[in-house]
Amino acid sequence: MTGLVSDTAMVMAAGLGKRMRPLTASQPKPLVRVAGKALIDYTLDRLADAGVARAVVNVHYLADALEAHVRDRQSPEVVISDEREALLETGGGLVKARDAGLLPDPVFCSNADSIWLEGPRNAFADLSAVWDPERMDALLLLVSHSQTHNFTGPGDFYMDGGGRLSRKLPSRIAPFIFTGIQLLSHRLLRDPPEGKFSTNVLWDRAIGEGRLYGAAFTGRWIEVGRPEHLKTAAEVLRGG
């Protein structure tokens, strides 16, 4: 590993993939194929290329199929965080993996359905270059609207000149979109709610404390939330 602040990433793969139906009726969303390759393999391959040695993958919906798919993966090494008994969402999944001793501090976190084209540096190097544990509880990788494909929403965050984030205001457009990739500290996960909860709960607290930051990605990001997104995603990937 060169220039990265962590050797481990949590890959969030346990979701039900409701927006991707009917493709997820018989397979978990991370195994839906884009340009002949499972979604989760795009994330795992990017991690391997960046030098991240270990991926902690959480499983819930059709967990056996997902476990079988990643079982023989060597780069990165895959460790399973089992959520078969209860789906915990991103926040609860991170806390469960932390409490099991699977997550270093800090740790990368990526959605299993994140697809992106790298810029001059890879995504995890972009985050590592900006990371400052004295000021930050979490550092989110963000893109502008012009750097996205398939995305039609109003955006997620405003970012000040120092990188500190605030939420989009109602009935407004926000210039930055969360890619599903972040770097976070165990401090963000302190005193969590019990069971299932969204990372948004922890982000809101960090915003209130002035400790949620963003890093502008140097590449491009592809939204793959619905079946109709797959054709465009494949075209972008083949062209990139």
# chains A, B, ... in the order shown; residues from 1 in each chain; ligands from 1
>>> residues_around(residues="stretch 200-205 of chain A", least_positions_apart="6", cutoff="12 Å", atoms="only C-alpha atoms", output="PyMOL selection string")
chain A and resi 89-92+94-95+136-140+156-157+164-167+178+182+184-194+211-214
>>> residues_around(residues="stretch 8-16 of chain A", least_positions_apart="3", cutoff="8 Å", atoms="only C-alpha atoms", output="ChimeraX atom specification")
/A:24,28-30,40,47,52-61,63,83,87,89-90,93-94,103-104,107-113
>>> select_by_dssp(residues="stretch 132-213 of chain A", states="helix (DSSP H, G or I)", output="number ranges by chain")
A: 145-147, 199-208
>>> write_last_selection(atoms="N, CA, C and O atoms", output="short mmCIF file (atom, residue, chain, number, x, y, z; two decimals), in the first residue's frame")
data_model
loop_
_atom_site.label_atom_id
_atom_site.label_comp_id
_atom_site.auth_asym_id
_atom_site.auth_seq_id
_atom_site.Cartn_x
_atom_site.Cartn_y
_atom_site.Cartn_z
N HIS A 145 -22.11 17.89 -10.56
CA HIS A 145 -23.11 17.35 -11.50
C HIS A 145 -22.49 17.02 -12.85
O HIS A 145 -22.86 16.04 -13.50
N SER A 146 -21.53 17.81 -13.30
CA SER A 146 -20.92 17.59 -14.61
C SER A 146 -20.04 16.35 -14.65
O SER A 146 -19.67 15.90 -15.74
N GLN A 147 -19.72 15.79 -13.50
CA GLN A 147 -18.87 14.60 -13.43
C GLN A 147 -19.67 13.31 -13.31
O GLN A 147 -19.10 12.25 -13.07
N THR A 199 -26.16 6.08 8.07
CA THR A 199 -24.99 6.91 8.37
C THR A 199 -25.36 8.38 8.45
O THR A 199 -24.63 9.17 9.05
N ASN A 200 -26.49 8.76 7.84
CA ASN A 200 -26.92 10.16 7.90
C ASN A 200 -27.04 10.65 9.34
O ASN A 200 -26.80 11.83 9.62
N VAL A 201 -27.43 9.76 10.25
CA VAL A 201 -27.54 10.14 11.67
C VAL A 201 -26.17 10.60 12.19
O VAL A 201 -26.07 11.62 12.89
N LEU A 202 -25.14 9.88 11.83
CA LEU A 202 -23.79 10.21 12.29
C LEU A 202 -23.25 11.44 11.56
O LEU A 202 -22.55 12.27 12.15
N TRP A 203 -23.57 11.56 10.28
CA TRP A 203 -23.14 12.74 9.52
C TRP A 203 -23.75 14.01 10.09
O TRP A 203 -23.07 15.03 10.19
N ASP A 204 -25.04 13.96 10.45
CA ASP A 204 -25.68 15.16 10.99
C ASP A 204 -25.00 15.62 12.27
O ASP A 204 -24.82 16.83 12.50
N ARG A 205 -24.63 14.67 13.11
CA ARG A 205 -23.90 15.04 14.33
C ARG A 205 -22.55 15.66 13.97
O ARG A 205 -22.14 16.68 14.56
N ALA A 206 -21.85 15.05 13.01
CA ALA A 206 -20.55 15.58 12.60
C ALA A 206 -20.68 16.97 11.98
O ALA A 206 -19.82 17.84 12.21
N ILE A 207 -21.74 17.21 11.21
CA ILE A 207 -21.97 18.55 10.66
C ILE A 207 -22.14 19.55 11.80
O ILE A 207 -21.57 20.65 11.78
N GLY A 208 -22.93 19.18 12.81
CA GLY A 208 -23.14 20.06 13.95
C GLY A 208 -21.87 20.39 14.70
O GLY A 208 -21.73 21.47 15.28
#
>>> closest_residue(among="A:Lys168, A:Lys37, A:Arg220, A:Arg226", to="A:Gly17", atoms="only C-alpha atoms")
A:Arg226
>>> atom_distance(atom1="atom CA of A:Leu127", atom2="atom CA of A:Leu88")
25.5 Å
>>> closest_residue(among="A:Leu102, A:Ile115, A:Ile177, A:Ala97", to="A:Leu230", atoms="only C-alpha atoms")
A:Ile115
>>> atom_distance(atom1="atom CA of A:Leu31", atom2="atom CA of A:Phe217")
25.6 Å
>>> closest_residue(among="A:Met159, A:Val224, A:Val34, A:Ala216", to="A:Ser114", atoms="only C-alpha atoms")
A:Val224
>>> select_by_dssp(residues="stretch 7-239 of chain A", states="strand (DSSP E or B)", output="PyMOL selection string")
chain A and resi 8-12+33-34+37-38+54-59+77-82+107-111+115-117+138-144+148-149+157-159+164-167+176-184+212-216+220-222
>>> write_last_selection(atoms="C-alpha atoms", output="tab-separated table (two decimals), in the first residue's frame")
chain	number	residue	atom	x	y	z
A	8	THR	CA	-9.05	-1.88	4.71
A	9	ALA	CA	-12.39	-0.92	3.19
A	10	MET	CA	-15.91	-1.77	4.32
A	11	VAL	CA	-17.96	-2.65	1.23
A	12	MET	CA	-21.68	-2.23	1.88
A	33	ARG	CA	-23.83	-7.38	-14.19
A	34	VAL	CA	-22.79	-4.25	-16.06
A	37	LYS	CA	-19.07	-7.82	-14.80
A	38	ALA	CA	-20.78	-7.93	-11.39
A	54	ARG	CA	-8.69	-6.19	2.73
A	55	ALA	CA	-12.40	-5.70	2.07
A	56	VAL	CA	-15.01	-6.34	4.77
A	57	VAL	CA	-18.22	-7.18	2.87
A	58	ASN	CA	-21.53	-7.23	4.74
A	59	VAL	CA	-24.21	-9.67	3.55
A	77	GLU	CA	-8.79	-10.39	0.71
A	78	VAL	CA	-12.51	-10.54	1.54
A	79	VAL	CA	-13.85	-10.91	5.08
A	80	ILE	CA	-17.60	-11.35	5.61
A	81	SER	CA	-19.66	-9.39	8.14
A	82	ASP	CA	-22.83	-11.47	8.48
A	107	VAL	CA	-11.31	2.89	7.38
A	108	PHE	CA	-12.55	3.39	3.84
A	109	CYS	CA	-16.21	2.64	3.15
A	110	SER	CA	-17.75	2.12	-0.27
A	111	ASN	CA	-21.14	1.05	-1.52
A	115	ILE	CA	-18.95	2.54	-10.26
A	116	TRP	CA	-16.49	5.23	-11.22
A	117	LEU	CA	-13.76	6.16	-13.69
A	138	ALA	CA	-15.59	11.56	8.07
A	139	LEU	CA	-14.37	12.62	4.64
A	140	LEU	CA	-16.84	12.06	1.80
A	141	LEU	CA	-15.79	11.69	-1.83
A	142	LEU	CA	-17.93	14.11	-3.83
A	143	VAL	CA	-18.50	14.91	-7.49
A	144	SER	CA	-20.08	17.85	-9.26
A	148	THR	CA	-21.84	12.21	-13.24
A	149	HIS	CA	-23.69	9.86	-15.58
A	157	PHE	CA	-24.03	18.96	-0.05
A	158	TYR	CA	-22.51	22.41	-0.06
A	159	MET	CA	-18.77	22.58	0.62
A	164	ARG	CA	-16.41	21.50	5.49
A	165	LEU	CA	-19.84	20.20	4.44
A	166	SER	CA	-23.42	21.33	5.03
A	167	ARG	CA	-26.70	19.83	3.81
A	176	PHE	CA	-21.88	18.27	-4.79
A	177	ILE	CA	-23.11	14.66	-4.93
A	178	PHE	CA	-21.99	11.86	-2.61
A	179	THR	CA	-20.40	9.00	-4.56
A	180	GLY	CA	-20.99	6.32	-1.93
A	181	ILE	CA	-17.28	6.37	-1.01
A	182	GLN	CA	-15.91	7.81	2.24
A	183	LEU	CA	-13.09	7.64	4.76
A	184	LEU	CA	-14.19	7.65	8.37
A	212	LEU	CA	-17.88	16.41	8.29
A	213	TYR	CA	-15.69	17.17	5.28
A	214	GLY	CA	-15.65	16.50	1.57
A	215	ALA	CA	-13.00	15.87	-1.06
A	216	ALA	CA	-13.64	16.71	-4.70
A	220	ARG	CA	-16.21	10.56	-12.93
A	221	TRP	CA	-19.05	8.71	-11.18
A	222	ILE	CA	-21.85	6.56	-12.63
